[in-house]
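Shown next: entry06.txt, given as compact mmCIF, C-alpha atoms and all ligand atoms.
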```
# COMPACT_ATOMS: atom_id res chain seq x y z
CA MET A 15 0.00 0.00 0.00
CA GLN A 16 2.84 2.39 0.89
CA HIS A 17 4.38 2.14 -2.57
CA ILE A 18 0.98 2.89 -4.18
CA MET A 19 0.65 6.01 -2.04
CA GLU A 20 4.19 7.09 -2.94
CA PHE A 21 3.47 6.62 -6.63
CA CYS A 22 0.12 8.46 -6.58
CA ASN A 23 1.51 11.30 -4.47
CA ASN A 24 3.90 12.13 -7.30
CA PHE A 25 1.06 13.14 -9.62
CA ASP A 26 -1.49 15.94 -9.54
CA PHE A 27 -4.99 14.47 -9.78
CA GLU A 28 -6.43 17.97 -9.22
CA ILE A 29 -8.80 16.76 -6.52
CA GLU A 30 -9.83 20.31 -5.54
CA LYS A 31 -10.82 21.12 -9.10
CA ILE A 32 -12.93 17.94 -9.25
CA VAL A 33 -14.60 18.72 -5.92
CA ASN A 34 -15.32 22.30 -7.00
CA THR A 35 -16.89 21.00 -10.22
CA ILE A 36 -19.01 18.51 -8.27
CA ARG A 37 -20.21 21.34 -6.02
CA SER A 38 -20.82 23.96 -8.68
CA ARG A 39 -22.66 21.60 -11.06
CA ASP A 40 -24.48 19.74 -8.32
CA ILE A 41 -23.06 16.40 -9.55
CA ARG A 42 -24.65 13.35 -7.89
CA LYS A 43 -23.11 10.56 -9.98
CA LEU A 44 -19.53 10.67 -11.20
CA TYR A 45 -17.92 8.29 -13.69
CA ILE A 46 -14.13 8.00 -13.62
CA GLN A 47 -11.78 6.87 -16.36
CA LEU A 48 -8.10 6.19 -15.75
CA PRO A 49 -5.41 4.89 -18.10
CA GLU A 50 -3.88 1.57 -17.02
CA GLY A 51 -0.84 3.15 -15.36
CA PHE A 52 -2.99 5.22 -13.02
CA GLN A 53 -5.66 2.65 -12.15
CA ARG A 54 -3.77 1.72 -8.99
CA CYS A 55 -4.63 5.22 -7.68
CA ILE A 56 -8.36 4.51 -7.63
CA ARG A 57 -8.67 4.49 -3.80
CA PHE A 58 -6.26 7.41 -3.44
CA ILE A 59 -8.48 9.55 -5.71
CA ILE A 60 -11.91 8.50 -4.45
CA ASP A 61 -10.96 8.79 -0.76
CA ARG A 62 -9.62 12.30 -1.31
CA ILE A 63 -12.67 13.45 -3.24
CA LYS A 64 -14.91 12.16 -0.45
CA GLN A 65 -12.75 13.73 2.27
CA LEU A 66 -12.96 17.17 0.67
CA LEU A 67 -16.64 17.00 -0.25
CA ASP A 68 -19.16 17.80 2.46
CA ARG A 69 -21.90 15.64 0.98
CA ASP A 70 -22.35 12.24 -0.62
CA VAL A 71 -21.55 11.54 -4.28
CA GLU A 72 -21.72 8.21 -6.07
CA ILE A 73 -18.47 7.41 -7.89
CA VAL A 74 -18.16 4.58 -10.41
CA VAL A 75 -14.89 3.65 -12.11
CA SER A 76 -14.74 2.44 -15.73
CA ALA A 77 -12.66 -0.65 -16.42
CA ASN A 78 -13.06 -0.24 -20.18
CA PRO A 79 -10.03 0.81 -22.25
CA SER A 80 -8.74 4.32 -21.65
CA TYR A 81 -5.67 4.36 -23.87
CA GLY A 82 -6.34 7.91 -25.00
CA SER A 83 -8.92 10.68 -24.94
CA CYS A 84 -10.22 9.12 -28.17
CA LEU A 85 -11.91 6.57 -25.88
CA ILE A 86 -14.37 8.43 -23.68
CA ASP A 87 -16.51 5.69 -22.15
CA GLU A 88 -19.80 7.29 -23.12
CA TYR A 89 -21.70 4.01 -23.12
CA GLY A 90 -20.61 3.18 -19.55
CA ALA A 91 -21.43 6.68 -18.32
CA LYS A 92 -24.88 6.65 -19.94
CA SER A 93 -25.64 3.18 -18.60
CA ILE A 94 -25.27 4.46 -15.01
CA ASN A 95 -26.82 7.86 -15.73
CA ALA A 96 -23.63 9.69 -14.78
CA ASP A 97 -23.76 13.49 -14.59
CA LEU A 98 -20.10 13.88 -15.44
CA ILE A 99 -17.10 11.86 -16.62
CA VAL A 100 -13.70 12.65 -15.14
CA HIS A 101 -11.12 11.43 -17.61
CA PHE A 102 -7.62 11.26 -16.17
CA GLY A 103 -4.29 11.18 -17.95
CA HIS A 104 -5.13 12.87 -21.25
CA THR A 105 -6.14 16.16 -22.81
CA PRO A 106 -9.10 16.37 -25.25
CA TYR A 107 -8.78 14.56 -28.57
CA PRO A 108 -9.26 17.07 -31.38
CA HIS A 109 -11.15 14.80 -33.80
CA TYR A 110 -13.91 13.61 -31.51
CA THR A 111 -16.88 15.26 -29.84
CA HIS A 112 -18.74 13.38 -27.14
CA ASP A 113 -22.34 13.73 -25.96
CA ILE A 114 -21.52 13.62 -22.25
CA GLU A 115 -19.74 16.35 -20.35
CA VAL A 116 -16.14 15.43 -19.58
CA LEU A 117 -13.63 16.98 -17.20
CA PHE A 118 -10.11 16.21 -18.43
CA ILE A 119 -7.35 16.01 -15.85
CA PRO A 120 -3.91 15.58 -17.47
CA VAL A 121 -2.38 14.22 -14.21
CA GLU A 122 0.86 16.16 -14.20
CA TYR A 123 4.00 14.62 -12.75
CA THR A 124 5.05 16.67 -9.72
CA GLY A 125 8.10 14.62 -8.70
CA VAL A 126 10.40 16.14 -11.32
CA ASP A 127 13.57 18.03 -10.36
CA LYS A 128 12.95 21.16 -12.42
CA SER A 129 16.47 22.57 -12.30
CA ARG A 130 18.01 19.25 -13.28
CA LEU A 131 15.74 18.97 -16.33
CA LEU A 132 16.34 22.62 -17.20
CA LYS A 133 20.09 22.01 -17.12
CA VAL A 134 19.78 19.20 -19.68
CA VAL A 135 18.05 21.59 -22.08
CA LYS A 136 20.50 24.44 -21.30
CA ASP A 137 23.43 22.18 -22.13
CA LEU A 138 21.78 21.30 -25.43
CA CYS A 139 21.28 25.00 -26.20
CA SER A 140 25.00 25.59 -25.67
CA GLU A 141 25.81 22.86 -28.17
CA LYS A 142 23.23 23.63 -30.83
CA GLN A 143 22.28 26.92 -32.39
CA GLY A 144 18.85 27.74 -33.71
CA ARG A 145 15.27 27.74 -32.59
CA LEU A 146 14.16 25.27 -29.97
CA CYS A 147 10.60 23.94 -29.71
CA ILE A 148 9.20 21.80 -26.92
CA ALA A 149 6.09 19.63 -26.70
CA ALA A 150 5.13 17.21 -23.95
CA SER A 151 2.86 14.33 -23.10
CA PRO A 152 -0.02 15.41 -20.78
CA GLN A 153 1.92 14.55 -17.60
CA HIS A 154 4.64 17.09 -18.38
CA ILE A 155 2.87 20.15 -19.78
CA SER A 156 3.84 22.51 -16.94
CA ILE A 157 7.51 21.54 -16.91
CA ALA A 158 7.67 22.02 -20.70
CA ARG A 159 6.17 25.52 -20.35
CA PHE A 160 8.51 26.27 -17.43
CA ILE A 161 11.61 25.31 -19.42
CA CYS A 162 10.59 27.40 -22.41
CA ASN A 163 9.76 30.43 -20.26
CA THR A 164 12.95 30.16 -18.18
CA ILE A 165 15.64 29.24 -20.65
CA GLU A 166 17.61 32.18 -21.95
CA LYS A 167 20.35 30.51 -23.91
CA CYS A 168 18.18 29.90 -26.95
CA GLU A 169 14.86 30.97 -28.42
CA CYS A 170 12.21 28.52 -27.31
CA GLU A 171 8.54 27.92 -28.14
CA TYR A 172 6.16 25.61 -26.31
CA LYS A 173 4.23 23.76 -29.02
CA GLY A 174 1.57 21.89 -27.06
CA VAL A 175 0.63 18.33 -26.16
CA ALA A 176 2.04 15.43 -28.17
CA MET A 177 -0.52 12.71 -28.86
CA GLY A 178 0.20 9.32 -30.36
CA CYS A 179 -1.73 9.86 -33.57
CA TYR A 180 -1.99 13.62 -33.53
CA PRO A 181 1.54 15.00 -33.80
CA VAL A 182 2.38 18.58 -33.01
CA ALA A 183 3.23 20.79 -35.98
CA HIS A 184 6.92 21.60 -35.82
CA GLU A 185 7.46 24.00 -38.66
CA ASN A 186 10.07 26.70 -37.92
CA CYS A 187 11.83 24.58 -35.28
CA ASP A 188 15.50 23.66 -35.63
CA THR A 189 15.44 21.31 -32.66
CA PHE A 190 12.25 19.84 -31.32
CA ILE A 191 12.24 18.21 -27.86
CA ILE A 192 9.42 15.93 -26.74
CA ILE A 193 9.23 15.59 -22.96
CA SER A 194 7.60 12.27 -22.10
CA GLY A 195 8.23 9.12 -20.11
CA GLY A 196 8.81 5.94 -22.08
CA LYS A 197 9.21 5.92 -25.83
CA PHE A 198 5.72 6.06 -27.29
CA HIS A 199 4.93 9.79 -27.62
CA CYS A 200 8.37 10.78 -28.80
CA ILE A 201 8.66 8.01 -31.37
CA ALA A 202 5.17 8.81 -32.67
CA GLN A 203 6.19 12.45 -33.13
CA ALA A 204 9.48 11.43 -34.73
CA LEU A 205 7.66 9.10 -37.08
CA SER A 206 5.52 11.95 -38.32
CA GLY A 207 8.66 14.05 -38.53
CA TYR A 208 10.23 11.34 -40.70
CA SER A 209 7.41 11.69 -43.26
CA ARG A 210 7.76 15.47 -43.12
CA ASN A 211 11.54 15.45 -43.32
CA ILE A 212 11.21 13.79 -46.68
CA ALA A 213 9.19 16.87 -47.56
CA ASN A 214 12.15 19.04 -46.45
CA THR A 215 11.27 20.11 -42.91
CA PRO A 216 14.64 20.20 -41.16
CA SER A 217 13.67 19.77 -37.46
CA LYS A 218 15.86 17.49 -35.40
CA ILE A 219 13.66 15.60 -32.95
CA LEU A 220 15.00 14.60 -29.53
CA CYS A 221 13.29 12.85 -26.61
CA LEU A 222 13.68 14.00 -23.00
CA ASP A 223 12.63 11.57 -20.29
CA PRO A 224 11.65 13.51 -17.13
CA TYR A 225 11.89 10.38 -14.96
CA THR A 226 15.51 9.55 -15.89
CA TYR A 227 16.64 13.02 -17.13
CA SER A 228 18.06 11.39 -20.24
CA LEU A 229 18.01 13.02 -23.64
CA TRP A 230 18.01 10.55 -26.53
CA ASP A 231 17.69 10.48 -30.27
CA PRO A 232 14.78 8.38 -31.63
CA VAL A 233 16.14 8.09 -35.15
CA LYS A 234 17.31 4.44 -34.83
CA ASP A 235 13.94 3.36 -33.38
CA VAL A 236 12.11 5.16 -36.17
CA GLU A 237 14.28 3.62 -38.89
CA LYS A 238 13.69 0.17 -37.41
CA ILE A 239 9.92 0.75 -37.35
CA ILE A 240 9.88 2.05 -40.94
CA LYS A 241 11.78 -1.05 -42.16
CA ILE A 242 9.26 -3.33 -40.49
CA ARG A 243 6.32 -1.29 -41.80
CA MET A 244 7.65 -1.36 -45.36
CA TRP A 245 8.06 -5.14 -45.09
CA LYS A 246 4.44 -5.49 -43.86
CA ILE A 247 3.22 -3.33 -46.77
CA TYR A 248 5.20 -5.45 -49.21
CA GLN A 249 3.65 -8.66 -47.76
CA ALA A 250 0.14 -7.23 -48.23
CA ILE A 251 0.43 -5.96 -51.80
CA ASP A 252 -1.41 -8.89 -53.42
CA ALA A 253 -3.78 -9.62 -50.50
CA LYS A 254 -7.29 -10.64 -51.54
CA ARG A 255 -9.22 -11.06 -48.28
CA TRP A 256 -9.07 -7.98 -46.04
CA LEU A 257 -10.28 -7.68 -42.46
CA ILE A 258 -10.97 -4.09 -41.37
CA VAL A 259 -11.01 -3.38 -37.64
CA ASP A 260 -13.26 -0.45 -36.78
CA GLY A 261 -13.24 1.09 -33.28
CA PHE A 262 -15.65 2.95 -31.04
CA TYR A 263 -15.97 6.62 -30.04
CA GLY A 264 -12.99 8.65 -31.34
CA GLN A 265 -11.52 5.43 -32.75
CA HIS A 266 -14.46 5.13 -35.14
CA ARG A 267 -13.26 7.13 -38.13
CA LYS A 268 -16.18 7.12 -40.49
CA ALA A 269 -14.61 9.12 -43.33
CA LEU A 270 -11.48 6.94 -43.37
CA LEU A 271 -13.56 3.78 -43.27
CA THR A 272 -15.71 4.96 -46.18
CA GLN A 273 -12.64 5.85 -48.19
CA LEU A 274 -11.06 2.48 -47.45
CA ILE A 275 -14.17 0.50 -48.43
CA LYS A 276 -14.57 2.47 -51.65
CA LEU A 277 -10.99 1.66 -52.63
CA LEU A 278 -11.31 -2.01 -51.65
CA LYS A 279 -14.35 -2.29 -53.92
CA SER A 280 -12.68 -0.55 -56.85
CA ASN A 281 -9.64 -2.84 -56.42
CA ASN A 282 -11.90 -5.94 -56.41
CA LYS A 283 -10.87 -7.04 -52.92
CA GLU A 284 -13.00 -9.10 -50.54
CA TYR A 285 -13.45 -7.30 -47.25
CA TYR A 286 -14.99 -7.97 -43.82
CA ILE A 287 -15.51 -5.48 -41.00
CA LEU A 288 -14.94 -6.13 -37.30
CA LYS A 289 -16.11 -3.68 -34.64
CA ALA A 290 -13.92 -3.79 -31.54
CA LEU A 291 -13.54 -1.61 -28.45
CA LYS A 292 -10.30 -3.40 -27.71
CA LEU A 293 -8.31 -5.65 -30.05
CA ASP A 294 -6.09 -8.27 -28.46
CA ARG A 295 -4.38 -11.47 -29.50
CA GLU A 296 -7.19 -13.62 -28.15
CA THR A 297 -9.62 -11.94 -30.54
CA LEU A 298 -7.33 -12.62 -33.48
CA ILE A 299 -6.91 -16.27 -32.38
CA ASN A 300 -10.69 -16.76 -31.98
CA LEU A 301 -11.22 -15.34 -35.45
CA GLU A 302 -8.44 -17.60 -36.82
CA ALA A 303 -7.48 -14.37 -38.49
CA ASP A 304 -4.25 -15.85 -39.85
CA LYS A 305 -6.22 -18.40 -41.88
CA ASN A 306 -9.34 -16.41 -42.72
CA PHE A 307 -7.67 -13.25 -43.99
CA ASP A 308 -4.62 -12.18 -45.98
CA VAL A 309 -4.30 -8.79 -44.31
CA ILE A 310 -5.80 -6.93 -41.35
CA VAL A 311 -6.23 -3.15 -41.37
CA ILE A 312 -6.60 -1.32 -38.08
CA ALA A 313 -8.90 1.64 -38.57
CA SER A 314 -9.13 2.27 -34.82
CA CYS A 315 -5.80 3.05 -33.09
CA PRO A 316 -2.95 2.96 -35.66
CA TYR A 317 -0.40 1.85 -33.09
CA LEU A 318 -2.14 -1.49 -32.63
CA ALA A 319 -0.73 -2.40 -36.04
CA PHE A 320 2.76 -1.76 -34.64
CA ASP A 321 2.02 -3.88 -31.54
CA PHE A 322 1.08 -6.87 -33.67
CA LYS A 323 4.21 -6.79 -35.81
CA ASP A 324 4.94 -10.46 -35.03
CA PHE A 325 1.54 -11.69 -36.26
CA SER A 326 1.90 -14.12 -39.15
CA LYS A 327 -0.30 -12.06 -41.47
CA PRO A 328 0.41 -8.37 -42.10
CA ILE A 329 -1.49 -5.99 -39.84
CA LEU A 330 -1.54 -2.50 -41.31
CA THR A 331 -2.53 1.04 -40.40
CA VAL A 332 -5.08 2.78 -42.62
CA GLY A 333 -2.33 4.98 -44.09
CA GLU A 334 -0.40 1.88 -45.15
CA ALA A 335 -3.52 0.22 -46.59
CA LEU A 336 -4.39 3.34 -48.57
CA ALA A 337 -0.85 3.47 -49.95
CA ILE A 338 -1.27 -0.09 -51.30
CA LEU A 339 -4.75 0.52 -52.69
CA HIS A 340 -3.66 3.76 -54.36
CA GLY A 341 -0.51 2.07 -55.67
CA ASN A 342 1.51 4.84 -54.01
CA LEU A 343 4.46 3.02 -52.45
CA ASN A 344 7.27 5.48 -53.09
CA ARG A 345 7.52 6.64 -49.50
CA TYR A 346 6.24 5.69 -46.08
CA VAL A 347 3.15 7.65 -45.05
CA TYR A 348 2.31 8.58 -41.49
CA PRO A 349 -0.22 6.10 -39.93
CA TRP A 350 -3.35 7.79 -41.22
S1 LIG B 401 -6.09 6.50 -31.47
FE1 LIG B 401 -4.43 5.51 -30.34
S2 LIG B 401 -2.66 6.89 -30.57
FE2 LIG B 401 -4.51 8.06 -31.11
S3 LIG B 401 -5.11 9.10 -29.22
FE3 LIG B 401 -6.25 7.17 -29.34
S4 LIG B 401 -5.00 5.69 -28.20
FE4 LIG B 401 -3.70 7.45 -28.65
```

As a first step, turn the structure in this file into structure tokens.
Amino acid sequence: MQHIMEFCNNFDFEIEKIVNTIRSRDIRKLYIQLPEGFQRCIRFIIDRIKQLLDRDVEIVVSANPSYGSCLIDEYGAKSINADLIVHFGHTPYPHYTHDIEVLFIPVEYTGVDKSRLLKVVKDLCSEKQGRLCIAASPQHISIARFICNTIEKCECEYKGVAMGCYPVAHENCDTFIIISGGKFHCIAQALSGYSRNIANTPSKILCLDPYTYSLWDPVKDVEKIIKIRMWKIYQAIDAKRWLIVDGFYGQHRKALLTQLIKLLKSNNKEYYILKALKLDRETLINLEADKNFDVIVIASCPYLAFDFKDFSKPILTVGEALAILHGNLNRYVYPW
């Protein structure tokens, strides 16, 4: 229990803001969504809300996927008649509007040593000339702003929140730092940068991990991913039977799906559509997807295609599928 408390205490769940919202909107039933990494803080959050609130409120926690703000659990919230969803860990997803009111709490990391992280960026500024841009995953928005506002050695602009499939525009940046823990957000941004670099945008992308204070270059990871993706595309070129995986909420992309189906028809391909809130290996095994289909296209979260790189049949993003169906294989296109 102690280690859970220590972990949760290092993040800002903005309990006061939640309590004020409950009071001002007269919320009686609250529905909470947490990404996997923060689910252990469920008691920490609920106990604190109840301690601060001077009246009763019913709080229900969603165990459905919460990988991004593309997945607001509207169905769960409606099924319990919730007045409000509190969605932790992400900022709003730009391509998706939901029917239910949602309070987004980015859950900022408060355990960072600000001066140590600032020094890493200062040292970089001494080495490199030019304009610096910084973006961050939701947990590190404030530290990214702080660094940009404090640093004097180089011109710096805070560019916003980096999302897996919604990269931050980095025009007019000579060096672009993504502050995030783990590899996902930075590699996703670098991958989009790779497509753009081909189109002559000269930004150098670097990743800064605020938990380890290490600055690293994602180029090798990106090159490895691109090689694998090109191989998957090559394997799928002559595929006849296509399985399309459509998602829910913000992972249901109607226009992309329509475009994909139109192209599959005009290319005389057989296609089947699967609707899935969450796609895992068990689903693929139950479907005997390796025998039933020649290729699987993920129209929900593009990074699922990357996760299943070891599957015996190619699993593609929509961008990759469209490249095949358009016969446009000269360069790798960003996941969409
Ligand atoms: S679709 Fe995937 S990468 Fe995009 S926001 Fe949702 S979970 Fe993240």

**Message:** Distance limit 12 Å, reference ligand LIG 401 (chain B), atoms considered: all atoms listed in the file. Which residues make the cut? Give them as an MDAnalysis selection string.
**Reply:** chainID A and resid 49:50 79:86 103:110 151:152 175:181 198:203 260:267 291:293 312:321 331:332 349:350

Create the file for the chosen residues now, containing C-alpha atoms and written as a short mmCIF file (atom, residue, chain, number, x, y, z; two decimals), in the coordinates of the input.
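Ended up saving to part_7.cif:
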```
data_model
loop_
_atom_site.label_atom_id
_atom_site.label_comp_id
_atom_site.auth_asym_id
_atom_site.auth_seq_id
_atom_site.Cartn_x
_atom_site.Cartn_y
_atom_site.Cartn_z
CA PRO A 49 -5.41 4.89 -18.10
CA GLU A 50 -3.88 1.57 -17.02
CA PRO A 79 -10.03 0.81 -22.25
CA SER A 80 -8.74 4.32 -21.65
CA TYR A 81 -5.67 4.36 -23.87
CA GLY A 82 -6.34 7.91 -25.00
CA SER A 83 -8.92 10.68 -24.94
CA CYS A 84 -10.22 9.12 -28.17
CA LEU A 85 -11.91 6.57 -25.88
CA ILE A 86 -14.37 8.43 -23.68
CA GLY A 103 -4.29 11.18 -17.95
CA HIS A 104 -5.13 12.87 -21.25
CA THR A 105 -6.14 16.16 -22.81
CA PRO A 106 -9.10 16.37 -25.25
CA TYR A 107 -8.78 14.56 -28.57
CA PRO A 108 -9.26 17.07 -31.38
CA HIS A 109 -11.15 14.80 -33.80
CA TYR A 110 -13.91 13.61 -31.51
CA SER A 151 2.86 14.33 -23.10
CA PRO A 152 -0.02 15.41 -20.78
CA VAL A 175 0.63 18.33 -26.16
CA ALA A 176 2.04 15.43 -28.17
CA MET A 177 -0.52 12.71 -28.86
CA GLY A 178 0.20 9.32 -30.36
CA CYS A 179 -1.73 9.86 -33.57
CA TYR A 180 -1.99 13.62 -33.53
CA PRO A 181 1.54 15.00 -33.80
CA PHE A 198 5.72 6.06 -27.29
CA HIS A 199 4.93 9.79 -27.62
CA CYS A 200 8.37 10.78 -28.80
CA ILE A 201 8.66 8.01 -31.37
CA ALA A 202 5.17 8.81 -32.67
CA GLN A 203 6.19 12.45 -33.13
CA ASP A 260 -13.26 -0.45 -36.78
CA GLY A 261 -13.24 1.09 -33.28
CA PHE A 262 -15.65 2.95 -31.04
CA TYR A 263 -15.97 6.62 -30.04
CA GLY A 264 -12.99 8.65 -31.34
CA GLN A 265 -11.52 5.43 -32.75
CA HIS A 266 -14.46 5.13 -35.14
CA ARG A 267 -13.26 7.13 -38.13
CA LEU A 291 -13.54 -1.61 -28.45
CA LYS A 292 -10.30 -3.40 -27.71
CA LEU A 293 -8.31 -5.65 -30.05
CA ILE A 312 -6.60 -1.32 -38.08
CA ALA A 313 -8.90 1.64 -38.57
CA SER A 314 -9.13 2.27 -34.82
CA CYS A 315 -5.80 3.05 -33.09
CA PRO A 316 -2.95 2.96 -35.66
CA TYR A 317 -0.40 1.85 -33.09
CA LEU A 318 -2.14 -1.49 -32.63
CA ALA A 319 -0.73 -2.40 -36.04
CA PHE A 320 2.76 -1.76 -34.64
CA ASP A 321 2.02 -3.88 -31.54
CA THR A 331 -2.53 1.04 -40.40
CA VAL A 332 -5.08 2.78 -42.62
CA PRO A 349 -0.22 6.10 -39.93
CA TRP A 350 -3.35 7.79 -41.22
#
```

**Message:** Can you tell me which residues surround Arg145 of chain A at a distance of at most 8 Å, considering only C-alpha atoms, apart from same-chain residues fewer than 4 positions away, and format the answer as a list in words?
**Reply:**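 Result of the neighbour search: Cys168, Glu169, Cys170, Asn186, Cys187, Asp188 and Thr189 of chain A.
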
**Request:** Tell me which of A:Ala250, A:Val71, A:Leu257, A:Ala335 sits closest to Gln273 of chain A, counting only C-alpha atoms.
**Result:**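 Between A:Ala250, A:Val71, A:Leu257, A:Ala335, the residue approaching Gln273 of chain A most closely is A:Ala335.
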
Which residues of segment 193-269 of chain A sit at most 12 Å from segment 116-122 of chain A, using all atoms listed in the file? Give each one's shortest atom pair and distance in Å (one decimal place), in chain and ascending residue order, as a tab-separated table.
```
residue	atom	partner	partner_atom	distance
A:Ser194	CA	A:Glu122	CA	11.1
A:Gly195	CA	A:Glu122	CA	11.8
A:Pro224	CA	A:Glu122	CA	11.5
```

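Among the candidates A:Asn281, A:Gln249, A:Phe322, A:Ala269, the one nearest to Arg295 of chain A when counting only C-alpha atoms is A:Phe322.
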
**Message:** At a cut-off of 12 Å around the point (2.8, 24.1, -27.2) (file coordinates), what residues fall inside when counting all atoms listed in the file? I'd like the answer as a ChimeraX atom specification.
**Reply:** /A:146-152,154-163,170-177,181-184,190-193

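As for atom CA of Asp235 of chain A and atom CA of Lys128 of chain A, they are spaced 27.5 Å apart.
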
**Request:** Tell me, as JSON, numbers by chain, which residues lie within 12 Å of Tyr89 of chain A, counting all atoms listed in the file; anything in the same chain fewer than 2 positions away does not count.
**Result:** {"A": [45, 76, 78, 85, 86, 87, 91, 92, 93, 94, 95, 96, 99, 112, 113, 114, 262, 263, 291]}

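Take the candidates A:Val33, A:Lys197, A:Ile338, A:Glu284 and check each one against Leu222 of chain A using all atoms listed in the file; the shortest distance goes to A:Lys197.
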
**Residues near Leu66 of chain A, cut-off 10 Å, all atoms listed in the file, skip fewer than 3 positions along chain, as a list of chain:residue names** =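 Contacts, with the query itself left out: A:Ile29, A:Glu30, A:Ile32, A:Val33, A:Asn34, A:Asp61, A:Arg62, A:Ile63, A:Arg69.
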
Would you mind exporting C-alpha atoms of the selected residues as a PDB file, in the frame of the given file?
```
ATOM      1  CA  ILE A  29      -8.800  16.760  -6.520  1.00  0.00           C
ATOM      2  CA  GLU A  30      -9.830  20.310  -5.540  1.00  0.00           C
ATOM      3  CA  ILE A  32     -12.930  17.940  -9.250  1.00  0.00           C
ATOM      4  CA  VAL A  33     -14.600  18.720  -5.920  1.00  0.00           C
ATOM      5  CA  ASN A  34     -15.320  22.300  -7.000  1.00  0.00           C
ATOM      6  CA  ASP A  61     -10.960   8.790  -0.760  1.00  0.00           C
ATOM      7  CA  ARG A  62      -9.620  12.300  -1.310  1.00  0.00           C
ATOM      8  CA  ILE A  63     -12.670  13.450  -3.240  1.00  0.00           C
ATOM      9  CA  ARG A  69     -21.900  15.640   0.980  1.00  0.00           C
TER      10      ARG A  69
END
```

Can I get a file of segment 140-157 of chain A from the given structure, N, CA and C atoms kept, as a PDB file, in the first residue's frame?
```pdb
ATOM      1  N   SER A 140      23.615  25.156 -25.496  1.00  0.00           N
ATOM      2  CA  SER A 140      25.002  25.594 -25.672  1.00  0.00           C
ATOM      3  C   SER A 140      25.638  24.894 -26.861  1.00  0.00           C
ATOM      4  N   GLU A 141      25.215  23.645 -27.067  1.00  0.00           N
ATOM      5  CA  GLU A 141      25.809  22.862 -28.174  1.00  0.00           C
ATOM      6  C   GLU A 141      25.225  23.245 -29.519  1.00  0.00           C
ATOM      7  N   LYS A 142      23.905  23.439 -29.539  1.00  0.00           N
ATOM      8  CA  LYS A 142      23.229  23.628 -30.832  1.00  0.00           C
ATOM      9  C   LYS A 142      22.700  25.045 -30.957  1.00  0.00           C
ATOM     10  N   GLN A 143      22.828  25.598 -32.120  1.00  0.00           N
ATOM     11  CA  GLN A 143      22.278  26.916 -32.391  1.00  0.00           C
ATOM     12  C   GLN A 143      20.889  26.732 -32.991  1.00  0.00           C
ATOM     13  N   GLY A 144      20.134  27.800 -33.010  1.00  0.00           N
ATOM     14  CA  GLY A 144      18.850  27.739 -33.706  1.00  0.00           C
ATOM     15  C   GLY A 144      17.677  27.768 -32.761  1.00  0.00           C
ATOM     16  N   ARG A 145      16.523  27.587 -33.331  1.00  0.00           N
ATOM     17  CA  ARG A 145      15.271  27.744 -32.587  1.00  0.00           C
ATOM     18  C   ARG A 145      14.851  26.411 -31.980  1.00  0.00           C
ATOM     19  N   LEU A 146      14.555  26.476 -30.684  1.00  0.00           N
ATOM     20  CA  LEU A 146      14.161  25.265 -29.970  1.00  0.00           C
ATOM     21  C   LEU A 146      12.640  25.252 -29.786  1.00  0.00           C
ATOM     22  N   CYS A 147      12.032  24.086 -29.994  1.00  0.00           N
ATOM     23  CA  CYS A 147      10.603  23.936 -29.712  1.00  0.00           C
ATOM     24  C   CYS A 147      10.448  22.771 -28.738  1.00  0.00           C
ATOM     25  N   ILE A 148       9.440  22.876 -27.880  1.00  0.00           N
ATOM     26  CA  ILE A 148       9.204  21.798 -26.916  1.00  0.00           C
ATOM     27  C   ILE A 148       7.727  21.425 -26.918  1.00  0.00           C
ATOM     28  N   ALA A 149       7.455  20.133 -26.929  1.00  0.00           N
ATOM     29  CA  ALA A 149       6.092  19.629 -26.700  1.00  0.00           C
ATOM     30  C   ALA A 149       6.200  18.577 -25.605  1.00  0.00           C
ATOM     31  N   ALA A 150       5.067  18.158 -25.067  1.00  0.00           N
ATOM     32  CA  ALA A 150       5.130  17.206 -23.950  1.00  0.00           C
ATOM     33  C   ALA A 150       3.917  16.304 -23.959  1.00  0.00           C
ATOM     34  N   SER A 151       4.044  15.157 -23.335  1.00  0.00           N
ATOM     35  CA  SER A 151       2.861  14.331 -23.095  1.00  0.00           C
ATOM     36  C   SER A 151       2.082  15.004 -21.945  1.00  0.00           C
ATOM     37  N   PRO A 152       0.794  14.659 -21.746  1.00  0.00           N
ATOM     38  CA  PRO A 152      -0.024  15.412 -20.783  1.00  0.00           C
ATOM     39  C   PRO A 152       0.590  15.518 -19.390  1.00  0.00           C
ATOM     40  N   GLN A 153       1.374  14.540 -18.968  1.00  0.00           N
ATOM     41  CA  GLN A 153       1.921  14.548 -17.602  1.00  0.00           C
ATOM     42  C   GLN A 153       3.017  15.602 -17.420  1.00  0.00           C
ATOM     43  N   HIS A 154       3.476  16.201 -18.511  1.00  0.00           N
ATOM     44  CA  HIS A 154       4.637  17.092 -18.384  1.00  0.00           C
ATOM     45  C   HIS A 154       4.425  18.456 -19.035  1.00  0.00           C
ATOM     46  N   ILE A 155       3.190  18.879 -19.133  1.00  0.00           N
ATOM     47  CA  ILE A 155       2.871  20.152 -19.783  1.00  0.00           C
ATOM     48  C   ILE A 155       3.519  21.331 -19.025  1.00  0.00           C
ATOM     49  N   SER A 156       3.350  21.361 -17.707  1.00  0.00           N
ATOM     50  CA  SER A 156       3.843  22.514 -16.935  1.00  0.00           C
ATOM     51  C   SER A 156       5.370  22.622 -16.984  1.00  0.00           C
ATOM     52  N   ILE A 157       6.050  21.481 -16.898  1.00  0.00           N
ATOM     53  CA  ILE A 157       7.514  21.541 -16.910  1.00  0.00           C
ATOM     54  C   ILE A 157       8.006  21.998 -18.292  1.00  0.00           C
TER      55      ILE A 157
END
```
